[in-house]
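Okay, upload.cif now, which holds mmCIF, C-alpha atoms:
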data_model
#
loop_
_atom_site.label_atom_id
_atom_site.label_comp_id
_atom_site.auth_asym_id
_atom_site.auth_seq_id
_atom_site.Cartn_x
_atom_site.Cartn_y
_atom_site.Cartn_z
CA MET A 1 -11.50 41.49 -5.51
CA ALA A 2 -13.76 38.55 -4.76
CA ASP A 3 -11.85 36.20 -2.54
CA LYS A 4 -13.59 33.06 -3.68
CA GLN A 5 -12.27 33.10 -7.21
CA GLU A 6 -11.95 30.19 -9.60
CA LEU A 7 -8.62 28.49 -9.80
CA SER A 8 -6.61 29.02 -12.93
CA VAL A 9 -4.39 26.50 -14.65
CA ARG A 10 -0.63 27.04 -14.65
CA GLU A 11 2.01 25.14 -16.57
CA LYS A 12 4.62 23.41 -14.46
CA LYS A 13 7.90 25.24 -14.26
CA GLU A 14 11.09 23.50 -15.29
CA PRO A 15 14.23 24.51 -13.45
CA VAL A 16 16.93 26.54 -15.16
CA ALA A 17 19.47 23.75 -15.54
CA LYS A 18 22.48 24.43 -13.41
CA GLU A 19 23.64 20.85 -13.38
CA GLU A 20 22.51 17.82 -15.31
CA LYS A 21 20.53 15.08 -13.65
CA THR A 22 21.62 11.48 -13.69
CA ILE A 23 18.14 10.12 -12.98
CA PRO A 24 15.90 9.87 -16.07
CA GLY A 25 12.62 11.73 -16.07
CA ARG A 26 11.69 15.38 -16.15
CA HIS A 27 12.10 17.58 -13.15
CA TYR A 28 9.81 20.41 -12.16
CA VAL A 29 9.93 23.16 -9.58
CA PRO A 30 7.18 22.71 -6.98
CA TYR A 31 5.22 25.81 -5.95
CA ALA A 32 6.24 27.08 -2.54
CA ASP A 33 4.76 29.32 0.10
CA ILE A 34 7.12 30.79 2.66
CA TYR A 35 5.84 32.36 5.84
CA GLU A 36 7.30 33.31 9.17
CA THR A 37 5.89 33.13 12.66
CA ASP A 38 7.52 34.23 15.89
CA ASP A 39 9.49 31.08 16.44
CA ALA A 40 9.86 29.44 13.04
CA LEU A 41 10.01 29.80 9.30
CA ALA A 42 7.78 27.52 7.31
CA VAL A 43 8.18 26.43 3.71
CA VAL A 44 5.19 24.68 2.14
CA LEU A 45 5.76 22.87 -1.16
CA GLU A 46 3.14 21.29 -3.40
CA MET A 47 4.36 17.96 -4.75
CA PRO A 48 1.37 15.85 -5.77
CA GLY A 49 2.13 12.20 -6.37
CA VAL A 50 5.19 12.06 -4.13
CA GLU A 51 5.13 9.52 -1.30
CA LYS A 52 7.18 9.62 1.88
CA LYS A 53 9.48 6.87 0.68
CA ASP A 54 10.35 8.84 -2.45
CA LEU A 55 11.09 12.08 -0.69
CA ASN A 56 14.63 13.21 0.08
CA ILE A 57 15.45 16.27 2.11
CA ALA A 58 19.12 17.07 2.56
CA LEU A 59 20.94 19.92 4.22
CA GLU A 60 24.47 20.69 3.21
CA ASN A 61 26.50 23.88 3.48
CA ASP A 62 23.44 25.92 4.47
CA VAL A 63 21.55 24.74 1.38
CA LEU A 64 18.35 22.83 1.99
CA ARG A 65 17.52 20.62 -0.95
CA VAL A 66 14.16 18.94 -1.42
CA ASP A 67 13.84 16.13 -3.93
CA GLY A 68 10.61 14.21 -4.57
CA GLN A 69 10.46 11.32 -7.00
CA ILE A 70 7.34 10.11 -8.77
CA ASP A 71 6.65 6.40 -8.89
CA PHE A 72 5.99 5.80 -12.58
CA SER A 73 5.26 2.12 -12.06
CA LYS A 74 1.74 3.11 -11.05
CA TYR A 75 1.11 4.10 -14.67
CA LYS A 76 2.44 0.82 -15.99
CA ASP A 77 -0.58 -0.69 -17.72
CA MET A 78 -2.19 2.59 -18.58
CA GLU A 79 -2.09 4.11 -22.01
CA PRO A 80 -2.42 7.89 -22.26
CA VAL A 81 -5.47 8.93 -24.26
CA TYR A 82 -5.66 12.65 -23.50
CA THR A 83 -3.10 14.64 -21.54
CA GLU A 84 -3.18 18.18 -20.24
CA TYR A 85 -0.27 18.22 -17.86
CA ASN A 86 3.16 16.67 -17.52
CA ILE A 87 4.15 14.23 -14.81
CA GLY A 88 7.64 14.49 -13.41
CA HIS A 89 9.83 14.61 -10.35
CA TYR A 90 10.08 17.70 -8.15
CA ALA A 91 13.19 19.42 -6.89
CA ARG A 92 13.86 22.75 -5.25
CA SER A 93 16.66 24.15 -3.08
CA PHE A 94 16.77 26.98 -0.58
CA THR A 95 19.72 28.70 1.01
CA LEU A 96 19.17 29.10 4.72
CA SER A 97 20.24 32.10 6.70
CA ASN A 98 21.88 31.83 10.09
CA LYS A 99 18.49 32.70 11.60
CA VAL A 100 17.55 29.03 11.30
CA ASP A 101 18.47 26.42 13.87
CA GLN A 102 19.53 23.69 11.45
CA GLU A 103 19.45 20.88 14.01
CA LYS A 104 15.73 21.21 14.61
CA ILE A 105 14.30 21.26 11.08
CA SER A 106 11.21 19.06 10.77
CA ALA A 107 9.12 17.97 7.80
CA ASN A 108 5.60 16.70 7.30
CA LEU A 109 4.20 15.27 4.06
CA GLU A 110 0.44 15.01 3.66
CA ASP A 111 -1.71 14.77 0.51
CA GLY A 112 1.17 15.85 -1.67
CA VAL A 113 1.91 18.94 0.42
CA LEU A 114 5.27 19.09 2.19
CA THR A 115 5.54 21.45 5.15
CA LEU A 116 9.06 22.18 6.32
CA THR A 117 9.32 23.85 9.70
CA LEU A 118 12.59 25.69 10.26
CA PRO A 119 12.77 26.83 13.87
CA LYS A 120 14.57 30.08 14.41
CA ALA A 121 17.79 30.04 16.35
CA LYS A 122 17.44 31.37 19.88
CA ALA A 123 19.31 34.54 19.03
CA ALA A 124 16.83 35.40 16.26
CA GLN A 125 13.66 35.12 18.29
CA PRO A 126 12.01 38.35 19.43
CA ARG A 127 12.95 39.20 22.98
CA LYS A 128 11.87 41.84 25.36
CA ILE A 129 14.72 43.92 26.73
CA THR A 130 14.36 44.91 30.34
CA ILE A 131 15.55 48.33 31.31
CA GLY A 132 17.92 48.22 34.23
CA MET B 133 -15.23 55.22 -21.10
CA ALA B 134 -15.69 53.79 -17.64
CA VAL B 135 -15.21 50.05 -17.65
CA LEU B 136 -16.91 48.37 -14.72
CA LEU B 137 -15.89 44.85 -15.63
CA ASP B 138 -12.62 43.66 -17.07
CA PRO B 139 -13.50 42.95 -20.74
CA PHE B 140 -11.79 39.55 -20.77
CA GLU B 141 -13.62 38.49 -17.66
CA ALA B 142 -16.88 39.59 -19.24
CA LEU B 143 -16.10 37.57 -22.37
CA ALA B 144 -15.14 34.48 -20.38
CA SER B 145 -18.27 34.57 -18.28
CA PHE B 146 -20.38 35.16 -21.38
CA GLN B 147 -18.79 32.14 -23.07
CA GLN B 148 -19.36 30.08 -19.96
CA ALA B 149 -22.97 31.13 -19.84
CA LEU B 150 -23.40 30.14 -23.50
CA ASP B 151 -21.79 26.75 -22.87
CA THR B 152 -24.03 26.07 -19.91
CA TYR B 153 -27.10 27.10 -21.88
CA ARG B 154 -26.08 24.87 -24.75
CA THR B 155 -25.29 21.75 -22.76
CA SER B 156 -27.96 21.72 -20.10
CA SER B 157 -31.70 21.46 -20.70
CA TRP B 158 -34.31 23.46 -18.83
CA LEU B 159 -35.90 21.05 -16.42
CA ASP B 160 -33.30 18.32 -16.52
CA PRO B 161 -30.77 18.62 -13.68
CA GLY B 162 -27.71 18.40 -15.89
CA LEU B 163 -24.11 18.64 -14.86
CA SER B 164 -22.55 22.04 -15.29
CA GLY B 165 -19.06 23.25 -14.71
CA GLY B 166 -17.14 25.27 -17.23
CA GLY B 167 -13.82 25.72 -15.53
CA ALA B 168 -10.42 24.63 -16.75
CA TYR B 169 -8.92 23.58 -13.39
CA PRO B 170 -7.77 20.93 -12.57
CA PRO B 171 -5.79 19.79 -15.62
CA LEU B 172 -6.63 16.17 -16.34
CA ASN B 173 -4.83 13.26 -17.87
CA VAL B 174 -7.02 10.47 -19.20
CA PHE B 175 -5.57 6.96 -19.50
CA ARG B 176 -6.98 3.83 -20.99
CA LYS B 177 -6.61 0.48 -19.26
CA GLY B 178 -8.15 -2.25 -21.35
CA ASP B 179 -11.69 -1.10 -22.09
CA ASP B 180 -11.91 1.31 -19.19
CA LEU B 181 -10.81 4.88 -18.68
CA ILE B 182 -8.97 6.38 -15.75
CA VAL B 183 -9.04 10.13 -15.18
CA ILE B 184 -6.17 11.52 -13.11
CA ALA B 185 -5.89 15.04 -11.70
CA GLU B 186 -3.33 16.69 -9.45
CA LEU B 187 -5.06 18.29 -6.47
CA PRO B 188 -2.54 18.71 -3.67
CA GLY B 189 -3.74 19.63 -0.21
CA ILE B 190 -7.49 19.15 -0.68
CA LYS B 191 -9.67 17.85 2.11
CA LYS B 192 -11.92 15.02 0.98
CA SER B 193 -14.89 16.91 2.37
CA ASP B 194 -14.08 19.79 0.00
CA LEU B 195 -14.03 17.53 -3.04
CA ASP B 196 -17.06 16.48 -5.05
CA VAL B 197 -16.99 13.94 -7.89
CA GLN B 198 -20.18 13.38 -9.88
CA VAL B 199 -20.90 11.12 -12.81
CA LYS B 200 -23.87 11.31 -15.13
CA GLY B 201 -24.13 9.58 -18.45
CA ARG B 202 -20.81 10.15 -20.15
CA THR B 203 -19.92 13.23 -18.17
CA ILE B 204 -17.78 13.42 -15.10
CA ARG B 205 -17.68 16.53 -12.97
CA LEU B 206 -14.99 17.50 -10.47
CA SER B 207 -15.77 20.38 -8.19
CA GLY B 208 -14.72 21.69 -4.85
CA GLU B 209 -12.50 24.13 -3.11
CA LYS B 210 -8.77 24.18 -2.57
CA THR B 211 -7.78 26.03 0.56
CA VAL B 212 -4.37 27.21 1.61
CA GLY B 213 -4.11 28.12 5.26
CA TYR B 214 -1.57 29.92 7.39
CA PRO B 215 -1.44 30.43 11.15
CA GLU B 216 -2.90 33.74 12.24
CA LYS B 217 0.22 35.60 13.20
CA ALA B 218 2.28 34.58 10.19
CA ALA B 219 4.17 37.00 7.98
CA LEU B 220 3.90 35.85 4.40
CA HIS B 221 7.17 36.08 2.48
CA ARG B 222 6.28 34.23 -0.67
CA ARG B 223 2.97 33.05 -2.06
CA GLU B 224 2.99 30.74 -5.09
CA ARG B 225 0.32 28.20 -4.25
CA LEU B 226 -3.14 28.89 -5.58
CA ALA B 227 -6.38 28.55 -3.67
CA GLY B 228 -9.96 28.88 -4.75
CA ARG B 229 -12.97 27.06 -6.10
CA PHE B 230 -12.95 24.77 -9.09
CA ASP B 231 -15.71 23.20 -11.11
CA ARG B 232 -14.94 21.20 -14.21
CA ALA B 233 -17.04 18.80 -16.27
CA VAL B 234 -15.66 16.65 -19.07
CA THR B 235 -17.45 14.27 -21.40
CA MET B 236 -15.91 10.90 -22.14
CA PRO B 237 -16.06 9.21 -25.55
CA ILE B 238 -17.43 5.98 -24.05
CA GLU B 239 -20.56 5.07 -22.13
CA ILE B 240 -19.74 4.68 -18.46
CA ASN B 241 -21.13 2.06 -16.12
CA PRO B 242 -22.12 4.23 -13.14
CA GLU B 243 -22.13 1.32 -10.69
CA GLY B 244 -18.49 0.59 -11.19
CA VAL B 245 -17.10 4.11 -10.89
CA LYS B 246 -14.47 4.42 -8.17
CA ALA B 247 -12.61 7.52 -7.07
CA GLU B 248 -9.45 7.52 -5.00
CA TYR B 249 -7.54 10.46 -3.57
CA ARG B 250 -4.03 9.82 -2.34
CA ASP B 251 -0.86 11.93 -2.02
CA GLY B 252 -2.58 14.81 -3.74
CA ILE B 253 -3.58 12.76 -6.79
CA LEU B 254 -7.24 12.12 -7.59
CA ALA B 255 -7.84 9.05 -9.74
CA VAL B 256 -11.32 8.27 -11.05
CA PHE B 257 -11.78 4.85 -12.47
CA LEU B 258 -14.49 4.74 -15.17
CA PRO B 259 -15.46 1.27 -16.37
CA ARG B 260 -17.00 1.00 -19.79
CA ALA B 261 -20.67 0.09 -19.85
CA GLU B 262 -21.39 -3.41 -21.10
CA SER B 263 -23.82 -2.09 -23.68
CA ASP B 264 -21.09 0.11 -25.10
CA LYS B 265 -18.49 -2.58 -25.64
CA PRO B 266 -18.12 -3.65 -29.25
CA LYS B 267 -19.21 -7.19 -29.92
CA SER B 268 -17.28 -9.43 -32.24
CA ILE B 269 -19.39 -10.97 -34.93
CA LYS B 270 -18.48 -14.39 -36.15
CA VAL B 271 -18.35 -14.67 -39.88
CA ALA B 272 -20.03 -17.84 -41.00
#
Can you give me the file's structure in the form of structure tokens?
Amino acid sequence: MADKQELSVREKKEPVAKEEKTIPGRHYVPYADIYETDDALAVVLEMPGVEKKDLNIALENDVLRVDGQIDFSKYKDMEPVYTEYNIGHYARSFTLSNKVDQEKISANLEDGVLTLTLPKAKAAQPRKITIG
Amino acid sequence: MAVLLDPFEALASFQQALDTYRTSSWLDPGLSGGGAYPPLNVFRKGDDLIVIAELPGIKKSDLDVQVKGRTIRLSGEKTVGYPEKAALHRRERLAGRFDRAVTMPIEINPEGVKAEYRDGILAVFLPRAESDKPKSIKVA
């Protein structure tokens, strides 16, 4: 397959509603990439339009919950003429395994892409075993 | 029958070729770009138009915005990178090239066009050309 292919358009996914939201506005599930290196797990989420001040990351009972709000006031004086996609808040949760050292989780938001770095707990890192 | 090319891909590229042939003229360097990505929202603010697209994680050097006449063209490449020794568990983000041209229903003043890319949102501000604005006629 050619690796420089043209991007295709995807509709935004809405979450299967487990609980109702109290904040008005639609919520969508941001696309995520999850990869693992020797010392950490990384979760990369695409949330265009979310600024640092509107981003909430919470960890409770081994569930990591990411919540990004969109600032609709930017669209205040603008009247939609032609729309192809929906604008809404983003939310996604992940259950963490005990491989992750929860104290050291870090996050970086740049250009609408949130990178969460979940360092592995010492016990989960690959170790060489010496033969006595 | 051996099929060398996926029939839908062949149809799409044929349609694209027809569109390009139809809209551009031989010696005139016209704007081309028959893709569908990125999805755009067009807003009106007074007399002017604002085109907004969601392009998370693009480097400004990989993004190209061109304006000619009434057409605006967004092209570039979205890259998604991982460190070398990473084991990929889930891949949902898309990466690739994009090239899209859209024609606006108003004449644009090319001097006043401004494009801003922030937090993964590209906003192109298209002011209406003076010559295109309707003039009120006083009834005597």
Give as an MDAnalysis selection string every residue of chain A that touches chain B within 9 Å, counting all atoms listed in the file.
chainID A and resid 3:10 31:38 44:51 75 77:86 109:113
Protein, DNA and RNA residues within 12 Å of (17.4, 24.2, 11.2), all atoms listed in the file, as a JSON list (two decimals) with C-alpha atoms, in the coordinates of the input:
[["chain", "number", "residue", "atom", "x", "y", "z"],
["A", 39, "ASP", "CA", 9.49, 31.08, 16.44],
["A", 40, "ALA", "CA", 9.86, 29.44, 13.04],
["A", 41, "LEU", "CA", 10.01, 29.80, 9.30],
["A", 42, "ALA", "CA", 7.78, 27.52, 7.31],
["A", 58, "ALA", "CA", 19.12, 17.07, 2.56],
["A", 59, "LEU", "CA", 20.94, 19.92, 4.22],
["A", 60, "GLU", "CA", 24.47, 20.69, 3.21],
["A", 61, "ASN", "CA", 26.50, 23.88, 3.48],
["A", 62, "ASP", "CA", 23.44, 25.92, 4.47],
["A", 63, "VAL", "CA", 21.55, 24.74, 1.38],
["A", 64, "LEU", "CA", 18.35, 22.83, 1.99],
["A", 95, "THR", "CA", 19.72, 28.70, 1.01],
["A", 96, "LEU", "CA", 19.17, 29.10, 4.72],
["A", 97, "SER", "CA", 20.24, 32.10, 6.70],
["A", 98, "ASN", "CA", 21.88, 31.83, 10.09],
["A", 99, "LYS", "CA", 18.49, 32.70, 11.60],
["A", 100, "VAL", "CA", 17.55, 29.03, 11.30],
["A", 101, "ASP", "CA", 18.47, 26.42, 13.87],
["A", 102, "GLN", "CA", 19.53, 23.69, 11.45],
["A", 103, "GLU", "CA", 19.45, 20.88, 14.01],
["A", 104, "LYS", "CA", 15.73, 21.21, 14.61],
["A", 105, "ILE", "CA", 14.30, 21.26, 11.08],
["A", 106, "SER", "CA", 11.21, 19.06, 10.77],
["A", 107, "ALA", "CA", 9.12, 17.97, 7.80],
["A", 116, "LEU", "CA", 9.06, 22.18, 6.32],
["A", 117, "THR", "CA", 9.32, 23.85, 9.70],
["A", 118, "LEU", "CA", 12.59, 25.69, 10.26],
["A", 119, "PRO", "CA", 12.77, 26.83, 13.87],
["A", 120, "LYS", "CA", 14.57, 30.08, 14.41],
["A", 121, "ALA", "CA", 17.79, 30.04, 16.35],
["A", 122, "LYS", "CA", 17.44, 31.37, 19.88]]
Gly201 of chain B environment, 7 Å, only C-alpha atoms, sequence neighbours closer than 2 positions dropped, as a PyMOL selection string:
chain B and resi 199+203+239-240
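In this model, the gap between atom CA of Lys13 of chain A and atom CA of Thr211 of chain B comes to 21.6 Å.
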Quick one, how far is atom CA of Asn241 of chain B from atom CA of Leu195 of chain B?
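Atom CA of Leu195 of chain B lies at a distance of 21.5 Å from atom CA of Asn241 of chain B.
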Just give me the gap between atom CA of Glu14 of chain A and atom CA of His27 of chain A in Å, one decimal is fine.
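Atom CA of His27 of chain A lies at a distance of 6.4 Å from atom CA of Glu14 of chain A.
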Using the chain letters and residue numbers of this document, give as a short mmCIF file (atom, residue, chain, number, x, y, z; two decimals) with C-alpha atoms, keeping the file's coordinate frame the residues selected by the PyMOL selection byres ((chain B and resi 247) around 9).
data_model
loop_
_atom_site.label_atom_id
_atom_site.label_comp_id
_atom_site.auth_asym_id
_atom_site.auth_seq_id
_atom_site.Cartn_x
_atom_site.Cartn_y
_atom_site.Cartn_z
CA VAL B 197 -16.99 13.94 -7.89
CA VAL B 245 -17.10 4.11 -10.89
CA LYS B 246 -14.47 4.42 -8.17
CA GLU B 248 -9.45 7.52 -5.00
CA TYR B 249 -7.54 10.46 -3.57
CA LEU B 254 -7.24 12.12 -7.59
CA ALA B 255 -7.84 9.05 -9.74
CA VAL B 256 -11.32 8.27 -11.05
CA PHE B 257 -11.78 4.85 -12.47
CA LEU B 258 -14.49 4.74 -15.17
#
Padding 8 Å on every side, please: axis-aligned box over the listed atoms of segment 179-184 of chain B, centre and edge lengths to one decimal in Å, as JSON.
{"center_x": -9.0, "center_y": 5.2, "center_z": -17.6, "size_x": 21.7, "size_y": 28.6, "size_z": 25.0}
